[in-house]
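Source file: start32.tsv (TSV, C-alpha atoms and all ligand atoms)
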```
chain	number	residue	atom	x	y	z
A	1	MET	CA	110.33	-117.66	-38.76
A	2	ALA	CA	106.59	-118.27	-38.81
A	3	GLU	CA	106.96	-120.25	-35.61
A	4	ARG	CA	109.02	-117.62	-33.82
A	5	LEU	CA	106.61	-114.93	-34.90
A	6	GLU	CA	103.71	-116.99	-33.61
A	7	THR	CA	105.48	-117.53	-30.28
A	8	VAL	CA	106.18	-113.82	-29.79
A	9	ARG	CA	102.61	-112.91	-30.78
A	10	ARG	CA	101.25	-115.48	-28.33
A	11	ARG	CA	103.44	-114.11	-25.54
A	12	ILE	CA	102.30	-110.58	-26.33
A	13	GLY	CA	98.70	-111.77	-26.14
A	14	ARG	CA	99.31	-113.46	-22.81
A	15	ALA	CA	101.05	-110.40	-21.36
A	16	CYS	CA	98.09	-108.28	-22.47
A	17	ARG	CA	95.60	-110.60	-20.82
A	18	ILE	CA	97.56	-110.57	-17.56
A	19	ALA	CA	97.70	-106.78	-17.67
A	20	GLY	CA	93.99	-106.55	-18.51
A	21	ARG	CA	94.76	-104.94	-21.87
A	22	GLU	CA	93.46	-105.54	-25.38
A	23	PRO	CA	96.04	-107.45	-27.48
A	24	GLY	CA	95.26	-105.07	-30.35
A	25	GLY	CA	96.73	-102.27	-28.26
A	26	VAL	CA	100.27	-103.58	-28.70
A	27	THR	CA	102.07	-103.44	-32.05
A	28	LEU	CA	104.98	-105.77	-32.70
A	29	THR	CA	107.84	-104.03	-34.48
A	30	ALA	CA	110.19	-106.62	-36.01
A	31	VAL	CA	113.70	-105.20	-35.75
A	32	SER	CA	115.23	-106.23	-39.05
A	33	LYS	CA	118.59	-104.38	-38.81
A	34	THR	CA	121.54	-106.43	-40.12
A	35	GLN	CA	119.27	-109.30	-41.18
A	36	PRO	CA	119.87	-111.00	-44.54
A	37	ASP	CA	117.26	-110.90	-47.30
A	38	PRO	CA	115.91	-114.41	-46.77
A	39	ALA	CA	115.08	-113.57	-43.15
A	40	ILE	CA	113.22	-110.42	-44.22
A	41	GLU	CA	111.31	-112.32	-46.89
A	42	ALA	CA	110.39	-115.02	-44.39
A	43	ALA	CA	108.99	-112.42	-42.00
A	44	LEU	CA	106.95	-110.82	-44.81
A	45	THR	CA	105.66	-114.22	-45.91
A	46	ALA	CA	104.61	-114.91	-42.33
A	47	GLY	CA	102.51	-111.74	-42.43
A	48	GLN	CA	104.72	-109.31	-40.50
A	49	ARG	CA	104.35	-105.75	-41.82
A	50	VAL	CA	105.85	-103.45	-39.16
A	51	PHE	CA	109.65	-103.27	-39.21
A	52	GLY	CA	112.25	-101.30	-37.28
A	53	GLU	CA	115.64	-100.24	-38.63
A	54	ASN	CA	118.44	-98.32	-36.96
A	55	ARG	CA	120.35	-96.93	-39.97
A	56	VAL	CA	118.89	-94.84	-42.75
A	57	GLN	CA	121.13	-96.08	-45.56
A	58	GLU	CA	120.79	-99.73	-44.68
A	59	ALA	CA	117.02	-99.30	-44.49
A	60	GLN	CA	116.89	-97.59	-47.89
A	61	ALA	CA	118.72	-100.47	-49.53
A	62	ARG	CA	116.47	-102.99	-47.87
A	63	TRP	CA	113.06	-101.40	-48.11
A	64	PHE	CA	112.70	-99.01	-51.06
A	65	GLY	CA	112.02	-101.81	-53.52
A	66	ARG	CA	109.84	-103.77	-51.12
A	67	ARG	CA	107.53	-100.79	-50.59
A	68	ALA	CA	106.16	-101.28	-54.10
A	69	VAL	CA	105.46	-104.95	-53.43
A	70	HIS	CA	103.97	-104.41	-49.96
A	71	PRO	CA	102.11	-101.08	-49.84
A	72	ASP	CA	100.93	-101.88	-46.31
A	73	LEU	CA	104.43	-101.84	-44.81
A	74	GLU	CA	105.14	-99.64	-41.80
A	75	LEU	CA	108.79	-98.68	-41.41
A	76	ARG	CA	110.05	-97.26	-38.13
A	77	LEU	CA	113.42	-95.66	-37.50
A	78	ILE	CA	114.65	-96.76	-34.08
A	79	GLY	CA	118.33	-95.70	-34.27
A	80	PRO	CA	119.99	-92.30	-33.81
A	81	LEU	CA	119.39	-89.85	-36.68
A	82	GLN	CA	121.91	-87.27	-37.90
A	83	THR	CA	120.43	-84.01	-39.12
A	84	ASN	CA	122.06	-84.46	-42.54
A	85	LYS	CA	120.03	-87.69	-42.98
A	86	ALA	CA	116.70	-86.11	-42.02
A	87	ALA	CA	115.67	-85.59	-45.66
A	88	ASP	CA	116.22	-89.26	-46.51
A	89	ALA	CA	114.54	-90.37	-43.30
A	90	VAL	CA	111.27	-88.47	-43.86
A	91	VAL	CA	110.97	-89.94	-47.35
A	92	LEU	CA	111.45	-93.55	-46.26
A	93	PHE	CA	110.07	-93.91	-42.75
A	94	ASP	CA	106.48	-93.83	-41.54
A	95	VAL	CA	107.56	-93.25	-37.96
A	96	ILE	CA	110.74	-91.77	-36.52
A	97	GLU	CA	111.17	-92.91	-32.92
A	98	THR	CA	114.41	-91.15	-32.11
A	99	LEU	CA	113.85	-87.41	-32.03
A	100	ASP	CA	116.07	-86.28	-29.14
A	101	ARG	CA	117.25	-82.70	-29.67
A	102	PRO	CA	116.02	-79.29	-30.86
A	103	LYS	CA	118.28	-79.20	-33.91
A	104	LEU	CA	116.89	-82.50	-35.16
A	105	ALA	CA	113.30	-81.33	-34.58
A	106	ALA	CA	113.98	-78.32	-36.79
A	107	ALA	CA	115.65	-80.48	-39.44
A	108	LEU	CA	112.72	-82.92	-39.49
A	109	ALA	CA	110.20	-80.09	-39.81
A	110	ALA	CA	112.11	-78.54	-42.70
A	111	ALA	CA	112.62	-81.89	-44.43
A	112	SER	CA	108.93	-82.83	-44.04
A	113	GLU	CA	107.84	-79.52	-45.49
A	114	LYS	CA	110.15	-79.95	-48.46
A	115	ALA	CA	109.23	-83.59	-49.10
A	116	GLY	CA	105.50	-83.05	-48.55
A	117	ARG	CA	105.55	-86.06	-46.26
A	118	SER	CA	105.48	-85.99	-42.46
A	119	PRO	CA	106.29	-89.18	-40.61
A	120	ARG	CA	104.81	-89.61	-37.13
A	121	VAL	CA	107.37	-88.88	-34.46
A	122	LEU	CA	108.33	-90.28	-31.07
A	123	ILE	CA	110.81	-88.63	-28.73
A	124	GLN	CA	113.54	-90.89	-27.38
A	125	VAL	CA	114.06	-90.28	-23.66
A	126	ASN	CA	117.33	-91.17	-21.96
A	127	THR	CA	115.54	-92.43	-18.84
A	128	GLY	CA	118.78	-93.60	-17.23
A	129	ALA	CA	120.57	-90.29	-17.98
A	130	GLU	CA	123.46	-92.31	-19.43
A	131	PRO	CA	126.06	-89.96	-20.90
A	132	GLN	CA	126.91	-92.19	-23.87
A	133	LYS	CA	123.30	-92.89	-24.82
A	134	ALA	CA	121.02	-91.09	-27.26
A	135	GLY	CA	117.78	-89.59	-26.03
A	136	VAL	CA	116.73	-86.35	-24.40
A	137	ASP	CA	117.26	-86.06	-20.66
A	138	PRO	CA	113.93	-86.28	-18.81
A	139	GLY	CA	114.41	-82.73	-17.54
A	140	GLU	CA	114.60	-81.37	-21.08
A	141	LEU	CA	111.65	-83.30	-22.44
A	142	ALA	CA	109.00	-80.63	-21.84
A	143	ALA	CA	110.85	-78.06	-23.94
A	144	LEU	CA	111.36	-80.53	-26.78
A	145	VAL	CA	107.67	-81.52	-26.74
A	146	THR	CA	106.67	-77.88	-26.97
A	147	GLN	CA	109.11	-77.23	-29.80
A	148	ALA	CA	108.00	-80.30	-31.76
A	149	ARG	CA	104.35	-79.25	-31.47
A	150	THR	CA	105.12	-75.66	-32.41
A	151	LEU	CA	106.94	-76.88	-35.51
A	152	GLY	CA	103.92	-78.98	-36.49
A	153	LEU	CA	105.63	-82.36	-36.15
A	154	ARG	CA	103.17	-85.25	-35.77
A	155	LEU	CA	104.31	-86.09	-32.25
A	156	GLU	CA	102.58	-89.17	-30.89
A	157	GLY	CA	104.69	-90.69	-28.15
A	158	LEU	CA	107.91	-91.58	-26.38
A	159	MET	CA	110.54	-94.26	-26.72
A	160	CYS	CA	113.27	-95.51	-24.38
A	161	ILE	CA	116.07	-98.06	-24.09
A	162	PRO	CA	116.69	-98.71	-20.39
A	163	PRO	CA	120.26	-99.14	-19.12
A	164	ALA	CA	121.45	-102.68	-19.77
A	165	ASP	CA	122.52	-103.29	-16.18
A	166	GLU	CA	119.36	-102.14	-14.40
A	167	ALA	CA	115.86	-103.50	-13.94
A	168	ALA	CA	113.80	-102.15	-16.83
A	169	GLY	CA	110.51	-101.74	-14.93
A	170	PRO	CA	111.26	-98.37	-13.28
A	171	HIS	CA	112.39	-96.96	-16.64
A	172	PHE	CA	109.21	-98.13	-18.34
A	173	ALA	CA	107.17	-96.62	-15.49
A	174	LEU	CA	108.99	-93.31	-15.85
A	175	LEU	CA	108.39	-93.24	-19.61
A	176	ARG	CA	104.68	-93.88	-19.09
A	177	LYS	CA	104.47	-91.13	-16.50
A	178	LEU	CA	106.21	-88.65	-18.81
A	179	ALA	CA	103.96	-89.59	-21.73
A	180	ARG	CA	100.81	-89.04	-19.65
A	181	ARG	CA	102.08	-85.71	-18.41
A	182	HIS	CA	102.40	-84.52	-22.01
A	183	GLY	CA	99.24	-86.12	-23.35
A	184	LEU	CA	101.12	-88.60	-25.56
A	185	THR	CA	99.66	-92.04	-26.21
A	186	ALA	CA	102.34	-94.11	-27.98
A	187	LEU	CA	104.95	-95.85	-25.82
A	188	SER	CA	107.72	-97.71	-27.64
A	189	MET	CA	109.50	-99.78	-25.04
A	190	GLY	CA	110.58	-103.38	-24.53
A	191	MET	CA	112.93	-105.56	-26.59
A	192	SER	CA	113.46	-109.32	-26.87
A	193	GLY	CA	114.46	-109.69	-23.22
A	194	ASP	CA	111.76	-107.56	-21.62
A	195	TYR	CA	108.83	-106.92	-23.93
A	196	GLU	CA	106.39	-108.70	-21.63
A	197	THR	CA	107.47	-106.48	-18.74
A	198	ALA	CA	107.08	-103.44	-20.98
A	199	ILE	CA	103.51	-104.46	-21.83
A	200	ARG	CA	102.73	-104.61	-18.12
A	201	PHE	CA	103.89	-101.00	-17.93
A	202	GLY	CA	101.77	-99.88	-20.86
A	203	ALA	CA	103.93	-100.35	-23.97
A	204	THR	CA	101.98	-99.80	-27.17
A	205	HIS	CA	104.93	-100.77	-29.41
A	206	VAL	CA	107.52	-103.43	-28.60
A	207	ARG	CA	110.73	-103.68	-30.65
A	208	VAL	CA	111.78	-107.29	-31.02
A	209	GLY	CA	114.86	-108.41	-32.95
A	210	SER	CA	116.74	-111.47	-31.78
A	211	ALA	CA	113.67	-113.29	-30.44
A	212	LEU	CA	112.33	-113.27	-34.01
A	213	PHE	CA	115.42	-113.47	-36.18
A	214	GLY	CA	117.93	-115.17	-33.90
A	215	GLU	CA	121.10	-113.55	-32.60
A	216	ARG	CA	122.68	-110.89	-34.80
A	217	ASN	CA	126.29	-111.42	-35.75
A	218	ALA	CA	126.94	-107.90	-37.06
A	219	PRO	CA	127.93	-105.34	-34.40
A	220	ALA	CA	124.64	-103.68	-33.57
A	221	ALA	CA	125.59	-103.43	-29.91
A	222	PRO	CA	126.06	-99.64	-29.59
A	223	PHE	CA	122.34	-99.00	-29.84
A	224	ARG	CA	121.29	-101.63	-27.37
A	225	GLY	CA	122.64	-99.80	-24.36
B	1	LIG	C1	118.40	-103.72	-31.91
B	1	LIG	C2	117.35	-102.96	-31.23
B	1	LIG	C3	116.22	-103.61	-30.71
B	1	LIG	C4	116.00	-105.11	-30.75
B	1	LIG	O1	116.82	-105.75	-29.80
B	1	LIG	P1	116.63	-107.30	-29.47
B	1	LIG	O2	117.20	-107.42	-28.11
B	1	LIG	O3	117.39	-108.04	-30.50
B	1	LIG	O4	115.20	-107.60	-29.51
B	1	LIG	C5	115.24	-102.81	-30.12
B	1	LIG	N1	115.37	-101.48	-30.05
B	1	LIG	C6	116.44	-100.83	-30.55
B	1	LIG	C7	116.51	-99.35	-30.42
B	1	LIG	C8	117.47	-101.54	-31.13
B	1	LIG	O5	118.54	-100.89	-31.62
```
What would the structure in this file look like if it were written as structure tokens?
Amino acid sequence: MAERLETVRRRIGRACRIAGREPGGVTLTAVSKTQPDPAIEAALTAGQRVFGENRVQEAQARWFGRRAVHPDLELRLIGPLQTNKAADAVVLFDVIETLDRPKLAAALAAASEKAGRSPRVLIQVNTGAEPQKAGVDPGELAALVTQARTLGLRLEGLMCIPPADEAAGPHFALLRKLARRHGLTALSMGMSGDYETAIRFGATHVRVGSALFGERNAPAAPFRG
């Protein structure tokens, strides 16, 4: 694990240098979904502190106890969120990357108010307009940004998962353009296969699973596009 982490960090550093960016401007999110405890512990031992999960319940089981041991953890929700899980999500996560509809924005605002805890929020954009995929359509983004701000959500950026069968670059470029248009600075884009490309296009957060932990055997495929 320490070696894989080091390799990914080195490649992030190299991609930053090539792009003329500061390596500190890119945060590595280790996607720990479906990973067994020993793999999580190995990542923590190797110094990793930012983790991404795609299911609220699984993340609760994995991280509630570890919070006490590692107060400097940052937990990021990167999978679709149902409104009835919003209350649990705002208690556990530091960042929710998958706001994608008005009803969820309202649920997050209400849950944050009630819990007295407001995670930072990213809006997931369905840059490929794929019918089966989560994310707001680019044409509806402006309205959702306005709503999120009006509700007082701590909106800081955008996230996307490009279509699996297309070059990712144009999707990353679109996400960056949309973020600039709305004055948003965080860009969560790039996974194991394309995080260096994403850094070229301005990613501030890359979400890396299999390149760190090895291939997953559990069926996480639906969220990979
Ligand atoms: C699983 C997942 C990842 C990590 O994918 P890898 O290809 O294993 O790096 C990144 N983002 C999201 C939203 C995911 O669900």
**OP:** Might you pull out every residue within 10 Å of Pro71 (chain A), with all atoms listed in the file counted and same-chain residues fewer than 4 positions away left off, and present them as a ChimeraX atom specification?
**Re:** /A:49,66-67
Using all atoms listed in the file, which protein or nucleic acid residues are at most 9 Å from ligand LIG 1 (chain B), as a PDB file with C-alpha atoms, in the coordinates of the input?
```
ATOM      1  CA  THR A  29     107.840-104.030 -34.480  1.00  0.00           C
ATOM      2  CA  ALA A  30     110.190-106.620 -36.010  1.00  0.00           C
ATOM      3  CA  VAL A  31     113.700-105.200 -35.750  1.00  0.00           C
ATOM      4  CA  SER A  32     115.230-106.230 -39.050  1.00  0.00           C
ATOM      5  CA  LYS A  33     118.590-104.380 -38.810  1.00  0.00           C
ATOM      6  CA  GLY A  52     112.250-101.300 -37.280  1.00  0.00           C
ATOM      7  CA  GLU A  53     115.640-100.240 -38.630  1.00  0.00           C
ATOM      8  CA  ASN A  54     118.440 -98.320 -36.960  1.00  0.00           C
ATOM      9  CA  LEU A  77     113.420 -95.660 -37.500  1.00  0.00           C
ATOM     10  CA  ILE A  78     114.650 -96.760 -34.080  1.00  0.00           C
ATOM     11  CA  GLY A  79     118.330 -95.700 -34.270  1.00  0.00           C
ATOM     12  CA  PRO A  80     119.990 -92.300 -33.810  1.00  0.00           C
ATOM     13  CA  GLU A  97     111.170 -92.910 -32.920  1.00  0.00           C
ATOM     14  CA  THR A  98     114.410 -91.150 -32.110  1.00  0.00           C
ATOM     15  CA  MET A 159     110.540 -94.260 -26.720  1.00  0.00           C
ATOM     16  CA  CYS A 160     113.270 -95.510 -24.380  1.00  0.00           C
ATOM     17  CA  ILE A 161     116.070 -98.060 -24.090  1.00  0.00           C
ATOM     18  CA  SER A 188     107.720 -97.710 -27.640  1.00  0.00           C
ATOM     19  CA  MET A 189     109.500 -99.780 -25.040  1.00  0.00           C
ATOM     20  CA  GLY A 190     110.580-103.380 -24.530  1.00  0.00           C
ATOM     21  CA  MET A 191     112.930-105.560 -26.590  1.00  0.00           C
ATOM     22  CA  SER A 192     113.460-109.320 -26.870  1.00  0.00           C
ATOM     23  CA  GLY A 193     114.460-109.690 -23.220  1.00  0.00           C
ATOM     24  CA  ASP A 194     111.760-107.560 -21.620  1.00  0.00           C
ATOM     25  CA  TYR A 195     108.830-106.920 -23.930  1.00  0.00           C
ATOM     26  CA  VAL A 206     107.520-103.430 -28.600  1.00  0.00           C
ATOM     27  CA  ARG A 207     110.730-103.680 -30.650  1.00  0.00           C
ATOM     28  CA  VAL A 208     111.780-107.290 -31.020  1.00  0.00           C
ATOM     29  CA  GLY A 209     114.860-108.410 -32.950  1.00  0.00           C
ATOM     30  CA  SER A 210     116.740-111.470 -31.780  1.00  0.00           C
ATOM     31  CA  ALA A 211     113.670-113.290 -30.440  1.00  0.00           C
ATOM     32  CA  LEU A 212     112.330-113.270 -34.010  1.00  0.00           C
ATOM     33  CA  PHE A 213     115.420-113.470 -36.180  1.00  0.00           C
ATOM     34  CA  GLY A 214     117.930-115.170 -33.900  1.00  0.00           C
ATOM     35  CA  GLU A 215     121.100-113.550 -32.600  1.00  0.00           C
ATOM     36  CA  ARG A 216     122.680-110.890 -34.800  1.00  0.00           C
ATOM     37  CA  ALA A 220     124.640-103.680 -33.570  1.00  0.00           C
ATOM     38  CA  ALA A 221     125.590-103.430 -29.910  1.00  0.00           C
ATOM     39  CA  PRO A 222     126.060 -99.640 -29.590  1.00  0.00           C
ATOM     40  CA  PHE A 223     122.340 -99.000 -29.840  1.00  0.00           C
ATOM     41  CA  ARG A 224     121.290-101.630 -27.370  1.00  0.00           C
ATOM     42  CA  GLY A 225     122.640 -99.800 -24.360  1.00  0.00           C
TER      43      GLY A 225
END
```
**OP:** Can you work out which one of A:Asp165, A:Asp137, A:Glu74, A:Glu156 has the shortest atom-to-atom distance to Leu92 (chain A), counting all atoms listed in the file?
**Re:**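 When distances to Leu92 (chain A) are compared using all atoms listed in the file, the smallest one comes from A:Glu74.
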**OP:** Tell me which protein, DNA and RNA residues are within 10 Å of Leu174 (chain A), counting all atoms listed in the file, leaving out same-chain ones fewer than 2 positions away, and put them as a list in words.
**Re:**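 With the cut-off at 10 Å, the set is Val125, Thr127, Gly128, Pro138, Cys160, Gly169, Pro170, His171, Phe172, Arg176, Lys177, Leu178, Ala179, Arg180 and Phe201 of chain A.
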With a cut-off of 8 Å, could you pull out the residues of region 54-120 of chain A touching region 141-148 of chain A and give me the nearest pair of atoms for each, distance in Å to one decimal, using only C-alpha atoms, ordered by chain and ascending number, as CSV?
```
residue,atom,partner,partner_atom,distance
A:Asp100,CA,A:Leu144,CA,7.8
A:Arg101,CA,A:Leu144,CA,6.9
A:Pro102,CA,A:Leu144,CA,6.3
A:Ala105,CA,A:Ala148,CA,6.1
```
Generate a file of the selected residues that holds C-alpha atoms, formatted as a PDB file, in the coordinates of the input.
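As a result, again-v9.pdb now contains:
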```pdb
ATOM      1  CA  ASP A 100     116.070 -86.280 -29.140  1.00  0.00           C
ATOM      2  CA  ARG A 101     117.250 -82.700 -29.670  1.00  0.00           C
ATOM      3  CA  PRO A 102     116.020 -79.290 -30.860  1.00  0.00           C
ATOM      4  CA  ALA A 105     113.300 -81.330 -34.580  1.00  0.00           C
TER       5      ALA A 105
END
```
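Closest approach to Gly116 (chain A) from the set A:Leu158, A:Ala167, A:Ala87, A:Leu175 is made by A:Ala87, with distances taken over all atoms listed in the file.
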